[in-house]
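Okay, run_16.txt now, which holds compact mmCIF, C-alpha atoms and all ligand atoms:
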# COMPACT_ATOMS: atom_id res chain seq x y z
CA MET K 1 21.38 12.07 17.48
CA GLU K 2 20.01 11.34 14.00
CA ARG K 3 18.89 14.18 11.79
CA VAL K 4 16.38 12.04 9.88
CA VAL K 5 14.99 8.63 10.71
CA ILE K 6 12.80 7.12 8.00
CA ILE K 7 10.42 4.33 8.98
CA GLY K 8 9.52 2.16 5.99
CA SER K 9 11.22 1.16 2.76
CA GLY K 10 8.63 1.15 0.01
CA PRO K 11 8.76 3.74 -2.78
CA ALA K 12 7.88 6.53 -0.30
CA GLY K 13 10.49 5.67 2.33
CA LEU K 14 13.31 4.97 -0.10
CA THR K 15 12.64 8.08 -2.19
CA ALA K 16 12.71 10.10 1.02
CA ALA K 17 16.03 8.36 1.75
CA VAL K 18 17.48 9.32 -1.66
CA TYR K 19 16.53 12.96 -1.18
CA ALA K 20 17.63 13.16 2.45
CA ALA K 21 20.91 11.42 1.62
CA ARG K 22 21.60 13.78 -1.27
CA ALA K 23 20.97 16.66 1.13
CA ASN K 24 23.84 15.23 3.24
CA LEU K 25 21.54 14.32 6.11
CA ARG K 26 22.79 10.69 6.31
CA PRO K 27 19.29 9.33 6.95
CA LEU K 28 18.78 6.18 8.96
CA VAL K 29 16.15 3.96 7.31
CA LEU K 30 14.37 1.39 9.46
CA ALA K 31 13.35 -0.75 6.52
CA GLY K 32 11.33 -3.41 8.30
CA GLY K 33 12.17 -7.10 8.48
CA LEU K 34 10.99 -7.44 4.87
CA TYR K 35 12.08 -4.31 3.03
CA GLY K 36 10.46 -2.97 -0.11
CA GLY K 37 6.77 -2.75 0.73
CA GLN K 38 3.88 -3.93 -1.41
CA LEU K 39 5.86 -4.00 -4.67
CA MET K 40 7.77 -6.97 -3.31
CA LEU K 41 4.50 -8.88 -3.69
CA THR K 42 3.87 -7.97 -7.31
CA THR K 43 5.32 -9.42 -10.46
CA GLU K 44 5.86 -7.05 -13.36
CA VAL K 45 5.41 -3.30 -12.87
CA GLU K 46 4.48 -1.67 -16.16
CA ASN K 47 3.34 1.75 -15.00
CA TYR K 48 6.43 3.06 -13.25
CA PRO K 49 7.83 5.78 -15.54
CA GLY K 50 11.31 5.18 -16.86
CA PHE K 51 10.89 1.45 -17.47
CA PRO K 52 9.25 1.18 -20.90
CA ASP K 53 9.69 -2.61 -20.94
CA GLY K 54 8.37 -3.00 -17.39
CA ILE K 55 10.33 -4.17 -14.37
CA MET K 56 9.72 -6.80 -11.73
CA GLY K 57 8.49 -5.25 -8.47
CA PRO K 58 11.34 -6.66 -6.31
CA ASP K 59 13.93 -5.53 -8.90
CA LEU K 60 12.52 -2.03 -8.86
CA MET K 61 12.74 -1.89 -5.08
CA MET K 62 16.32 -3.16 -5.19
CA LYS K 63 17.15 -0.24 -7.48
CA PHE K 64 15.48 2.20 -5.07
CA ARG K 65 17.56 0.74 -2.27
CA GLU K 66 20.85 0.84 -4.18
CA GLN K 67 20.21 4.45 -5.14
CA ALA K 68 19.55 5.47 -1.53
CA GLU K 69 22.65 3.62 -0.29
CA ARG K 70 24.81 5.13 -3.01
CA PHE K 71 24.26 8.56 -1.48
CA GLY K 72 24.89 7.46 2.09
CA ALA K 73 21.55 6.31 3.48
CA ARG K 74 22.03 3.71 6.21
CA ILE K 75 19.43 0.99 5.91
CA LEU K 76 18.66 -1.42 8.73
CA ASP K 77 16.36 -4.35 7.97
CA VAL K 78 14.53 -4.10 11.28
CA ASP K 79 10.97 -3.27 12.29
CA ALA K 80 10.29 -0.13 14.29
CA THR K 81 8.43 -1.40 17.32
CA LEU K 82 7.75 1.73 19.35
CA VAL K 83 7.82 5.50 18.95
CA ASP K 84 7.71 8.36 21.41
CA PHE K 85 6.87 11.64 19.73
CA SER K 86 5.80 13.40 22.94
CA SER K 87 8.92 15.60 23.10
CA GLN K 88 12.18 16.39 21.30
CA PRO K 89 14.29 14.49 20.50
CA LEU K 90 11.86 12.11 18.85
CA VAL K 91 12.40 8.48 19.78
CA VAL K 92 12.06 5.42 17.54
CA ALA K 93 12.85 1.98 18.94
CA ALA K 94 13.79 -0.97 16.75
CA ASP K 95 15.57 -4.22 17.51
CA ASP K 96 16.21 -3.33 21.17
CA GLU K 97 17.84 -0.04 20.16
CA ARG K 98 16.43 3.43 20.75
CA HIS K 99 17.17 5.98 18.05
CA HIS K 100 16.91 9.68 18.87
CA ALA K 101 16.04 11.94 15.98
CA LYS K 102 15.37 15.55 15.14
CA THR K 103 12.96 14.54 12.40
CA VAL K 104 11.13 11.34 11.52
CA ILE K 105 9.52 10.44 8.20
CA VAL K 106 6.77 7.86 8.53
CA ALA K 107 6.37 5.78 5.38
CA THR K 108 5.08 2.48 6.71
CA GLY K 109 2.52 1.97 3.94
CA ALA K 110 -0.63 -0.06 3.98
CA SER K 111 -1.24 -3.72 3.56
CA ALA K 112 -3.91 -5.05 1.24
CA ARG K 113 -6.24 -7.39 3.02
CA TRP K 114 -6.21 -10.96 1.78
CA LEU K 115 -8.95 -13.55 2.05
CA GLY K 116 -6.81 -16.12 3.84
CA VAL K 117 -8.20 -19.08 1.86
CA PRO K 118 -6.24 -22.09 0.56
CA GLY K 119 -4.51 -21.53 -2.77
CA GLU K 120 -4.49 -17.76 -2.45
CA GLU K 121 -0.89 -17.39 -1.35
CA HIS K 122 0.46 -20.07 -3.67
CA LEU K 123 -1.13 -18.40 -6.72
CA ARG K 124 -0.23 -14.80 -5.88
CA GLY K 125 1.19 -13.22 -9.01
CA ARG K 126 -0.12 -16.17 -11.05
CA GLY K 127 -3.73 -15.13 -11.28
CA VAL K 128 -4.30 -13.77 -7.77
CA SER K 129 -3.66 -10.09 -7.18
CA THR K 130 -4.73 -7.15 -5.04
CA CYS K 131 -3.91 -4.50 -7.66
CA ALA K 132 -5.81 -4.17 -10.93
CA THR K 133 -3.70 -1.20 -12.01
CA CYS K 134 -0.58 -3.35 -11.64
CA ASP K 135 -1.75 -6.68 -13.00
CA GLY K 136 -4.95 -6.15 -15.01
CA ALA K 137 -3.19 -5.94 -18.37
CA PHE K 138 -1.98 -9.53 -18.00
CA PHE K 139 -5.53 -10.79 -18.43
CA LYS K 140 -6.56 -9.56 -21.85
CA GLU K 141 -9.69 -11.34 -23.12
CA ARG K 142 -9.78 -13.49 -19.99
CA HIS K 143 -12.55 -14.08 -17.48
CA ILE K 144 -11.63 -12.03 -14.42
CA THR K 145 -13.24 -12.10 -10.97
CA VAL K 146 -13.21 -9.42 -8.28
CA VAL K 147 -14.05 -10.03 -4.63
CA GLY K 148 -15.56 -7.20 -2.57
CA GLY K 149 -18.53 -4.89 -2.58
CA GLY K 150 -16.99 -1.50 -1.80
CA ASP K 151 -15.76 1.37 -3.94
CA SER K 152 -12.38 -0.30 -4.44
CA ALA K 153 -14.01 -3.44 -5.81
CA MET K 154 -16.20 -1.41 -8.20
CA GLU K 155 -13.23 0.68 -9.29
CA GLU K 156 -11.16 -2.45 -9.91
CA ALA K 157 -14.02 -4.16 -11.77
CA LEU K 158 -14.62 -1.14 -14.01
CA PHE K 159 -10.91 -0.79 -14.72
CA LEU K 160 -10.59 -4.49 -15.50
CA THR K 161 -13.31 -4.29 -18.20
CA ARG K 162 -10.60 -2.72 -20.37
CA PHE K 163 -8.84 -6.05 -20.44
CA GLY K 164 -11.12 -8.94 -19.59
CA ARG K 165 -13.84 -10.28 -21.85
CA ARG K 166 -15.96 -10.68 -18.73
CA VAL K 167 -15.62 -9.40 -15.15
CA THR K 168 -17.55 -11.15 -12.38
CA VAL K 169 -17.88 -9.46 -8.99
CA ILE K 170 -18.30 -11.90 -6.12
CA HIS K 171 -19.79 -10.38 -2.99
CA ARG K 172 -20.68 -11.93 0.34
CA ARG K 173 -23.98 -10.04 0.70
CA ASP K 174 -26.77 -9.12 -1.70
CA GLY K 175 -26.10 -5.38 -1.60
CA LEU K 176 -23.07 -3.27 -2.36
CA ARG K 177 -21.28 -1.06 0.14
CA ALA K 178 -19.95 1.07 -2.72
CA SER K 179 -21.19 4.61 -3.31
CA LYS K 180 -24.29 4.91 -5.48
CA ILE K 181 -22.48 6.32 -8.46
CA MET K 182 -19.83 3.59 -8.51
CA ALA K 183 -22.45 0.87 -8.00
CA GLU K 184 -24.58 2.27 -10.83
CA ARG K 185 -21.63 2.38 -13.20
CA ALA K 186 -20.74 -1.20 -12.41
CA HIS K 187 -24.35 -2.40 -12.77
CA ALA K 188 -24.70 -0.60 -16.09
CA HIS K 189 -21.54 -2.06 -17.61
CA SER K 190 -22.23 -4.80 -20.15
CA LYS K 191 -19.07 -6.75 -19.27
CA ILE K 192 -19.73 -6.84 -15.49
CA ASP K 193 -21.93 -9.40 -13.76
CA PHE K 194 -22.42 -10.23 -10.08
CA ILE K 195 -22.53 -13.31 -7.93
CA TRP K 196 -24.28 -12.43 -4.64
CA ASN K 197 -24.24 -13.98 -1.17
CA THR K 198 -21.13 -15.91 -2.05
CA VAL K 199 -17.64 -16.30 -0.66
CA VAL K 200 -14.45 -17.78 -2.06
CA GLU K 201 -13.51 -21.01 -0.28
CA ARG K 202 -10.41 -21.93 -2.29
CA VAL K 203 -8.37 -20.70 -5.25
CA LEU K 204 -7.88 -23.52 -7.74
CA GLY K 205 -4.84 -24.23 -9.93
CA GLU K 206 -1.27 -25.44 -9.73
CA GLU K 207 1.05 -23.39 -11.97
CA ARG K 208 -1.55 -20.69 -12.52
CA MET K 209 -5.05 -20.03 -11.35
CA THR K 210 -7.77 -21.98 -13.15
CA GLY K 211 -10.86 -21.23 -11.07
CA LEU K 212 -12.45 -20.71 -7.68
CA ARG K 213 -14.36 -22.90 -5.29
CA LEU K 214 -17.31 -20.81 -4.16
CA ARG K 215 -19.82 -21.17 -1.36
CA ASN K 216 -23.32 -19.80 -1.71
CA LEU K 217 -24.16 -18.54 1.77
CA ARG K 218 -27.92 -18.81 1.20
CA ASP K 219 -28.08 -22.56 0.70
CA ASP K 220 -24.53 -23.43 1.79
CA SER K 221 -23.83 -25.11 -1.54
CA LEU K 222 -20.27 -25.47 -2.87
CA TYR K 223 -19.33 -25.33 -6.54
CA ASP K 224 -16.30 -24.73 -8.76
CA PHE K 225 -16.26 -21.69 -11.01
CA ASP K 226 -13.91 -21.50 -14.02
CA CYS K 227 -12.06 -18.18 -14.34
CA ASP K 228 -8.54 -16.92 -15.00
CA ALA K 229 -7.89 -14.23 -12.39
CA LEU K 230 -8.98 -13.12 -8.95
CA PHE K 231 -8.58 -9.52 -7.81
CA ILE K 232 -9.13 -9.13 -4.11
CA ALA K 233 -10.51 -5.71 -3.18
CA ILE K 234 -11.69 -6.05 0.39
CA GLY K 235 -9.85 -3.01 1.72
CA HIS K 236 -6.41 -2.03 2.97
CA THR K 237 -5.11 -1.69 6.47
CA PRO K 238 -2.69 1.19 7.06
CA ASN K 239 0.36 0.12 9.03
CA THR K 240 -0.11 2.56 11.88
CA GLN K 241 -0.38 0.38 14.98
CA ILE K 242 2.74 1.88 16.59
CA PHE K 243 1.55 5.46 15.97
CA ARG K 244 -1.75 5.15 17.84
CA GLY K 245 -1.85 7.80 20.55
CA GLN K 246 1.20 9.52 18.99
CA LEU K 247 -0.12 10.86 15.69
CA ASP K 248 -3.60 11.96 14.63
CA LEU K 249 -5.25 9.18 12.66
CA ASP K 250 -8.56 9.06 10.82
CA GLU K 251 -11.25 6.51 11.60
CA ALA K 252 -9.70 3.92 9.30
CA GLY K 253 -6.29 4.39 10.92
CA TYR K 254 -4.63 6.47 8.17
CA ILE K 255 -2.34 9.27 9.35
CA LEU K 256 -3.95 12.69 8.99
CA SER K 257 -1.84 15.15 7.04
CA PRO K 258 -4.07 17.91 5.68
CA ASN K 259 -1.03 20.09 5.07
CA GLY K 260 1.25 18.18 2.67
CA SER K 261 3.59 15.85 4.51
CA LEU K 262 3.16 17.58 7.88
CA THR K 263 1.56 15.66 10.75
CA ASN K 264 0.22 17.03 14.02
CA VAL K 265 3.66 16.56 15.62
CA GLU K 266 6.40 19.01 14.77
CA GLY K 267 9.31 17.26 13.10
CA VAL K 268 7.29 14.21 12.10
CA PHE K 269 6.44 13.93 8.41
CA VAL K 270 4.47 11.35 6.49
CA ALA K 271 4.60 9.96 2.96
CA GLY K 272 2.93 7.29 0.88
CA ASP K 273 0.05 4.89 1.38
CA VAL K 274 0.03 5.23 5.16
CA ALA K 275 -1.64 8.61 4.59
CA ASP K 276 -3.18 7.96 1.18
CA LEU K 277 -6.55 6.33 0.81
CA ARG K 278 -7.00 7.65 -2.67
CA TYR K 279 -4.16 6.99 -5.12
CA LYS K 280 -2.08 4.19 -3.59
CA GLN K 281 0.41 4.08 -6.48
CA ALA K 282 4.18 3.53 -6.32
CA VAL K 283 4.80 6.71 -8.29
CA THR K 284 2.57 8.86 -6.07
CA ALA K 285 4.23 7.37 -2.98
CA ALA K 286 7.67 8.16 -4.41
CA GLY K 287 6.57 11.76 -5.05
CA ALA K 288 5.27 12.02 -1.51
CA GLY K 289 8.59 10.66 -0.18
CA CYS K 290 10.44 13.40 -2.03
CA LYS K 291 8.15 16.06 -0.53
CA ALA K 292 8.53 14.66 2.99
CA ALA K 293 12.34 14.68 2.74
CA MET K 294 12.33 18.27 1.48
CA ASP K 295 9.99 19.30 4.29
CA ALA K 296 12.22 17.56 6.84
CA GLU K 297 15.28 19.30 5.43
CA ARG K 298 13.58 22.71 5.68
CA HIS K 299 12.49 21.92 9.22
CA LEU K 300 16.06 21.06 10.20
CA GLU K 301 17.31 24.28 8.67
CA ALA K 302 14.69 26.25 10.58
CA MET K 303 15.70 24.47 13.81
CA GLU K 304 19.35 25.32 13.24
CA PHE K 305 18.69 29.00 12.73
CA ALA K 306 15.98 29.33 15.35
CA PRO K 307 17.04 31.42 18.38
CA PRO K 308 17.69 29.28 21.48
CA PRO K 309 14.87 29.07 24.01
CA LEU K 310 14.74 32.11 26.36
CA THR K 311 15.80 30.06 29.38
CA HIS K 312 19.20 29.43 27.74
CA LEU K 313 19.94 33.11 27.11
CA ALA K 314 20.84 34.22 30.62
P1 LIG N 1 -14.57 -0.98 2.09
O1 LIG N 1 -15.48 0.14 1.78
O2 LIG N 1 -14.30 -1.31 3.52
O3 LIG N 1 -15.21 -2.28 1.40
C1 LIG N 1 -14.67 -3.54 1.58
C2 LIG N 1 -15.59 -4.55 0.91
O4 LIG N 1 -15.00 -5.83 1.02
C3 LIG N 1 -16.97 -4.63 1.56
O5 LIG N 1 -17.97 -4.78 0.57
C4 LIG N 1 -16.87 -5.86 2.43
O6 LIG N 1 -18.09 -6.57 2.54
C5 LIG N 1 -15.91 -6.73 1.66
N1 LIG N 1 -15.14 -7.59 2.52
C6 LIG N 1 -14.40 -7.25 3.61
N2 LIG N 1 -13.80 -8.34 4.13
C7 LIG N 1 -14.18 -9.38 3.34
C8 LIG N 1 -13.89 -10.77 3.36
N3 LIG N 1 -13.07 -11.32 4.27
N4 LIG N 1 -14.45 -11.55 2.41
C9 LIG N 1 -15.26 -11.04 1.47
N5 LIG N 1 -15.57 -9.71 1.40
C10 LIG N 1 -15.03 -8.91 2.32
O7 LIG N 1 -13.13 -0.85 1.42
P2 LIG N 1 -12.74 -0.16 0.04
O8 LIG N 1 -13.68 -0.54 -1.03
O9 LIG N 1 -11.28 -0.45 -0.14
O10 LIG N 1 -12.89 1.38 0.33
C11 LIG N 1 -12.20 2.00 1.41
C12 LIG N 1 -12.54 3.48 1.42
O11 LIG N 1 -11.97 4.10 0.26
C13 LIG N 1 -14.03 3.77 1.34
O12 LIG N 1 -14.31 4.87 2.14
C14 LIG N 1 -14.26 4.08 -0.10
O13 LIG N 1 -15.38 4.92 -0.32
C15 LIG N 1 -12.95 4.77 -0.49
N6 LIG N 1 -12.67 4.60 -1.92
C16 LIG N 1 -13.20 5.49 -2.77
C17 LIG N 1 -13.00 5.35 -4.12
C18 LIG N 1 -13.59 6.33 -5.06
O14 LIG N 1 -14.37 7.15 -4.64
N7 LIG N 1 -13.27 6.28 -6.33
C19 LIG N 1 -12.25 4.29 -4.61
C20 LIG N 1 -11.72 3.38 -3.70
C21 LIG N 1 -11.96 3.54 -2.35
P3 LIG N 1 -19.34 -5.95 3.34
O15 LIG N 1 -19.92 -4.93 2.44
O16 LIG N 1 -20.22 -7.13 3.55
O17 LIG N 1 -18.76 -5.40 4.61

What do you get writing this file as C-alpha cells?
Amino acid sequence: MERVVIIGSGPAGLTAAVYAARANLRPLVLAGGLYGGQLMLTTEVENYPGFPDGIMGPDLMMKFREQAERFGARILDVDATLVDFSSQPLVVAADDERHHAKTVIVATGASARWLGVPGEEHLRGRGVSTCATCDGAFFKERHITVVGGGDSAMEEALFLTRFGRRVTVIHRRDGLRASKIMAERAHAHSKIDFIWNTVVERVLGEERMTGLRLRNLRDDSLYDFDCDALFIAIGHTPNTQIFRGQLDLDEAGYILSPNGSLTNVEGVFVAGDVADLRYKQAVTAAGAGCKAAMDAERHLEAMEFAPPPLTHLA
C-alpha cells in the first residue's frame, strides 16, 4: 500500500514529490512515458526564480527530478492508464501494474493545442512557440504573429507588443471569440494588426522560422508572409481523460478544486495546470504541488489518528 501516488512529473508533480519525500512518505511518481511536462518542449526559461541567467526547460526539469529522487521519491517513467477512486484504497494502474494508495496527487497538466501543419514541429523553439511568457523576450523588435481569436490569443498578442515591433493576429474567422474588453484592448493597440479569415498552411524556414504560408479562406488564395515568430494560442487541453467519471471536471475538462488542492474525492488532491485555466506557469504549478503534498500529508495524519470504523470496535 502506497501512502502517496503522484500522477505527473511537471513542476507540480515533482514539487509534490519533493515535499512528500521530505515528509518521509516515500511517494511513488508515475511520471508518464515522457517525464517533465510542457517545459520539456521549451528552450530557455527566464522567469523561474533562482536562475538569474535562465535555464533550459529540460535542464530545469532534470533538476526537479534529481531533487525529488535525492529525498527518496520513486519515479517510474510510465503512463497511468486507469484509476479507480470509488473506494479506499485508491487504485492507479500503470504499465500492467495496479498501485493501491491512501492518497493520490493528480498533476497531469495540460497540453497546448498545436496546429498540426508542416514545419510547425521542426521549428518549435526556433520561432514557433505556445508560450509568450516563456519565449516572447527572444523576439525583440521582430515581427511576431499570433494564431487564435480567443482571450489567450489576445493576451499573448498584448504581452508580445512589449517585445515585437509589430504583432499580427491571424484568425480563421472575421470575428473574435475573446471577451469584449480583451478584444477592444487588442484592437486599440497601435502595434497590433489582424489578418482575418485566414489559416496557417505551413511554417517556413530551415534553421529558424522565416515566415508563414497562409490561406485566405474567402477566396482560397495562398501566399507567403514574412515574419519571425509564430505564437499558437488556440487553447489547451487538460490531460484528464482517465479521470472522467472519477473526479468532478468543468465543461472544458479541468479538474474542479474550489477548495485549494482538494477534489470531490477524499484522499485525491490536484495540482498544476490540470486544474488551472488561469495562470498556467511553472512557478504557480510548483507552488500548487507543494500545497497538494502538504494537504496529502495532513490527510494521512488525520487517517492515522481517526478512530476505527464502529464495525471494528466489537
Ligand atoms: P478559446 O476561447 O477556446 O479560443 C481558441 C481560439 O483558437 C478560437 O478563436 C478558435 O477559433 C481558435 N482555434 C481553435 N482551433 C484552431 C485551429 N485549429 N486553427 C486556428 N484557430 C483555431 O481558448 P483560449 O483563448 O485559450 O481561452 C480558454 C478559456 O480561458 C476561455 O474561457 C477564456 O475566456 C479563458 N481565458 C481568459 C483570459 C483572461 O480573462 N485574461 C485569458 C486566457 C484565457 P474560433 O473562434 O473560430 O473557434

*asked:* From the options K:Gln88, K:Thr108, K:Asn197, K:Gln246, which residue's atoms come nearest to ligand LIG 1 (chain N), counting all atoms listed in the file?
replied: K:Asn197

What are the closest atom pairs, with distances in Å to one decimal, for each residue of stretch 166-284 of chain K lying within 10 Å of stretch 139-151 of chain K, using only C-alpha atoms, rows by chain and rising residue number, as a tab-separated table?
residue	atom	partner	partner_atom	distance
K:Arg166	CA	K:His143	CA	5.0
K:Val167	CA	K:Ile144	CA	4.8
K:Thr168	CA	K:Thr145	CA	4.6
K:Val169	CA	K:Val146	CA	4.7
K:Ile170	CA	K:Val147	CA	4.9
K:His171	CA	K:Gly148	CA	5.3
K:Arg172	CA	K:Gly148	CA	7.6
K:Arg173	CA	K:Gly149	CA	8.2
K:Asp174	CA	K:Gly149	CA	9.3
K:Gly175	CA	K:Gly149	CA	7.6
K:Leu176	CA	K:Gly149	CA	4.8
K:Arg177	CA	K:Gly150	CA	4.7
K:Ala178	CA	K:Gly150	CA	4.0
K:Ser179	CA	K:Asp151	CA	6.4
K:Lys180	CA	K:Asp151	CA	9.4
K:Ile181	CA	K:Asp151	CA	9.5
K:Met182	CA	K:Asp151	CA	6.5
K:Ala183	CA	K:Asp151	CA	7.8
K:Lys191	CA	K:His143	CA	10.0
K:Ile192	CA	K:Thr145	CA	9.5
K:Asp193	CA	K:Thr145	CA	9.5
K:Phe194	CA	K:Thr145	CA	9.4
K:Ile195	CA	K:Val147	CA	9.7
K:Trp196	CA	K:Gly149	CA	9.7
K:Thr198	CA	K:Val147	CA	9.6
K:Val199	CA	K:Val147	CA	8.2
K:Val200	CA	K:Val147	CA	8.2
K:Gly211	CA	K:Thr145	CA	9.4
K:Leu212	CA	K:Thr145	CA	9.3
K:Asp226	CA	K:His143	CA	8.3
K:Cys227	CA	K:His143	CA	5.2
K:Asp228	CA	K:His143	CA	5.5
K:Ala229	CA	K:Ile144	CA	4.8
K:Leu230	CA	K:Thr145	CA	4.8
K:Phe231	CA	K:Val146	CA	4.7
K:Ile232	CA	K:Val147	CA	5.0
K:Ala233	CA	K:Gly148	CA	5.3
K:Ile234	CA	K:Gly148	CA	5.0
K:Gly235	CA	K:Gly150	CA	8.1

*asked:* Please determine, counting all atoms listed in the file, which residue among K:Met154, K:Leu222, K:Ala292, K:Met40 has the shortest atom-to-atom distance to ligand LIG 1 (chain N).
replied: K:Met154

Nearby residues (only C-alpha atoms) at most 12 Å from K:Ala73, same-chain spacing under 6 positions excluded, as a PDB file with C-alpha atoms, in the coordinates of the input:
ATOM      1  CA  GLU K   2      20.010  11.340  14.000  1.00  0.00           C
ATOM      2  CA  ARG K   3      18.890  14.180  11.790  1.00  0.00           C
ATOM      3  CA  VAL K   4      16.380  12.040   9.880  1.00  0.00           C
ATOM      4  CA  VAL K   5      14.990   8.630  10.710  1.00  0.00           C
ATOM      5  CA  ILE K   6      12.800   7.120   8.000  1.00  0.00           C
ATOM      6  CA  SER K   9      11.220   1.160   2.760  1.00  0.00           C
ATOM      7  CA  GLY K  13      10.490   5.670   2.330  1.00  0.00           C
ATOM      8  CA  LEU K  14      13.310   4.970  -0.100  1.00  0.00           C
ATOM      9  CA  THR K  15      12.640   8.080  -2.190  1.00  0.00           C
ATOM     10  CA  ALA K  16      12.710  10.100   1.020  1.00  0.00           C
ATOM     11  CA  ALA K  17      16.030   8.360   1.750  1.00  0.00           C
ATOM     12  CA  VAL K  18      17.480   9.320  -1.660  1.00  0.00           C
ATOM     13  CA  TYR K  19      16.530  12.960  -1.180  1.00  0.00           C
ATOM     14  CA  ALA K  20      17.630  13.160   2.450  1.00  0.00           C
ATOM     15  CA  ALA K  21      20.910  11.420   1.620  1.00  0.00           C
ATOM     16  CA  ARG K  22      21.600  13.780  -1.270  1.00  0.00           C
ATOM     17  CA  ALA K  23      20.970  16.660   1.130  1.00  0.00           C
ATOM     18  CA  ASN K  24      23.840  15.230   3.240  1.00  0.00           C
ATOM     19  CA  LEU K  25      21.540  14.320   6.110  1.00  0.00           C
ATOM     20  CA  ARG K  26      22.790  10.690   6.310  1.00  0.00           C
ATOM     21  CA  PRO K  27      19.290   9.330   6.950  1.00  0.00           C
ATOM     22  CA  LEU K  28      18.780   6.180   8.960  1.00  0.00           C
ATOM     23  CA  VAL K  29      16.150   3.960   7.310  1.00  0.00           C
ATOM     24  CA  LEU K  30      14.370   1.390   9.460  1.00  0.00           C
ATOM     25  CA  ALA K  31      13.350  -0.750   6.520  1.00  0.00           C
ATOM     26  CA  PHE K  64      15.480   2.200  -5.070  1.00  0.00           C
ATOM     27  CA  ARG K  65      17.560   0.740  -2.270  1.00  0.00           C
ATOM     28  CA  GLU K  66      20.850   0.840  -4.180  1.00  0.00           C
ATOM     29  CA  GLN K  67      20.210   4.450  -5.140  1.00  0.00           C
TER      30      GLN K  67
END

*Would you kindly return, as a ChimeraX atom specification, each protein, DNA or RNA residue with an atom no farther than 7 Å from any atom of K:Val83, considering only C-alpha atoms and excluding same-chain residues fewer than 4 positions away?*
/K:91-93,242-243

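Rounded to one decimal, atom CA of K:Asp248 and atom CA of K:Leu115 lie 28.9 Å from each other.
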
_I'd like the contact shell of K:Lys291 - 8 Å cut-off, all atoms listed in the file, skipping same-chain residues fewer than 2 positions apart - returned as a VMD selection string._
chain K and resid 16 260 to 261 271 287 to 289 293 to 295

Take the residues that were just selected and, keeping C-alpha atoms, output them as a PDB file, in the coordinates of the input.
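What ended up in selection_11.pdb:
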ATOM      1  CA  ALA K  16      12.710  10.100   1.020  1.00  0.00           C
ATOM      2  CA  GLY K 260       1.250  18.180   2.670  1.00  0.00           C
ATOM      3  CA  SER K 261       3.590  15.850   4.510  1.00  0.00           C
ATOM      4  CA  ALA K 271       4.600   9.960   2.960  1.00  0.00           C
ATOM      5  CA  GLY K 287       6.570  11.760  -5.050  1.00  0.00           C
ATOM      6  CA  ALA K 288       5.270  12.020  -1.510  1.00  0.00           C
ATOM      7  CA  GLY K 289       8.590  10.660  -0.180  1.00  0.00           C
ATOM      8  CA  ALA K 293      12.340  14.680   2.740  1.00  0.00           C
ATOM      9  CA  MET K 294      12.330  18.270   1.480  1.00  0.00           C
ATOM     10  CA  ASP K 295       9.990  19.300   4.290  1.00  0.00           C
TER      11      ASP K 295
END

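Distances from K:Thr130, K:Thr240, K:Ser86, K:Asn264 to ligand LIG 1 (chain N) were compared using all atoms listed in the file, and the smallest one belongs to K:Thr130.
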
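Across the model, the gap from atom CA of K:Phe159 to atom CA of K:Val128 is 16.1 Å.
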
*Neighbours of stretch 266-270 of chain K within 7 Å (only C-alpha atoms; same-chain residues fewer than 4 positions away dropped), as a PyMOL selection string?*
chain K and resi 102-107+261-262+275+292+296+299

*To one decimal place, how far is atom CA of K:Ala132 from atom CA of K:Leu158 in Å?*
9.8 Å

Close residues, K:Thr237 itself excluded, 12 Å, all atoms listed in the file, min 4 positions apart in chain, as a short mmCIF file (atom, residue, chain, number, x, y, z; two decimals) with C-alpha atoms, keeping the file's coordinate frame:
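Listing of part.cif after writing:
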data_model
loop_
_atom_site.label_atom_id
_atom_site.label_comp_id
_atom_site.auth_asym_id
_atom_site.auth_seq_id
_atom_site.Cartn_x
_atom_site.Cartn_y
_atom_site.Cartn_z
CA THR K 108 5.08 2.48 6.71
CA GLY K 109 2.52 1.97 3.94
CA ALA K 110 -0.63 -0.06 3.98
CA SER K 111 -1.24 -3.72 3.56
CA ALA K 112 -3.91 -5.05 1.24
CA ARG K 113 -6.24 -7.39 3.02
CA TRP K 114 -6.21 -10.96 1.78
CA ALA K 233 -10.51 -5.71 -3.18
CA GLN K 241 -0.38 0.38 14.98
CA GLU K 251 -11.25 6.51 11.60
CA ALA K 252 -9.70 3.92 9.30
CA GLY K 253 -6.29 4.39 10.92
CA TYR K 254 -4.63 6.47 8.17
CA ILE K 255 -2.34 9.27 9.35
CA ASP K 273 0.05 4.89 1.38
CA VAL K 274 0.03 5.23 5.16
CA ALA K 275 -1.64 8.61 4.59
CA ASP K 276 -3.18 7.96 1.18
CA LEU K 277 -6.55 6.33 0.81
#

*Nearest to K:Gln281: which of K:Gly32, K:Gly245, K:Pro49, K:Gly116 is it, counting all atoms listed in the file?*
K:Pro49

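You can rank K:Glu304, K:Glu69, K:Glu155, K:Glu207 by their closest distance to ligand LIG 1 (chain N) using only C-alpha atoms and all ligand atoms, and at the top of that list sits K:Glu155.
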
*For K:Phe138, which residue among K:Pro52, K:Arg244, K:Thr43, K:Ser87 is the nearest when counting all atoms listed in the file?*
K:Thr43
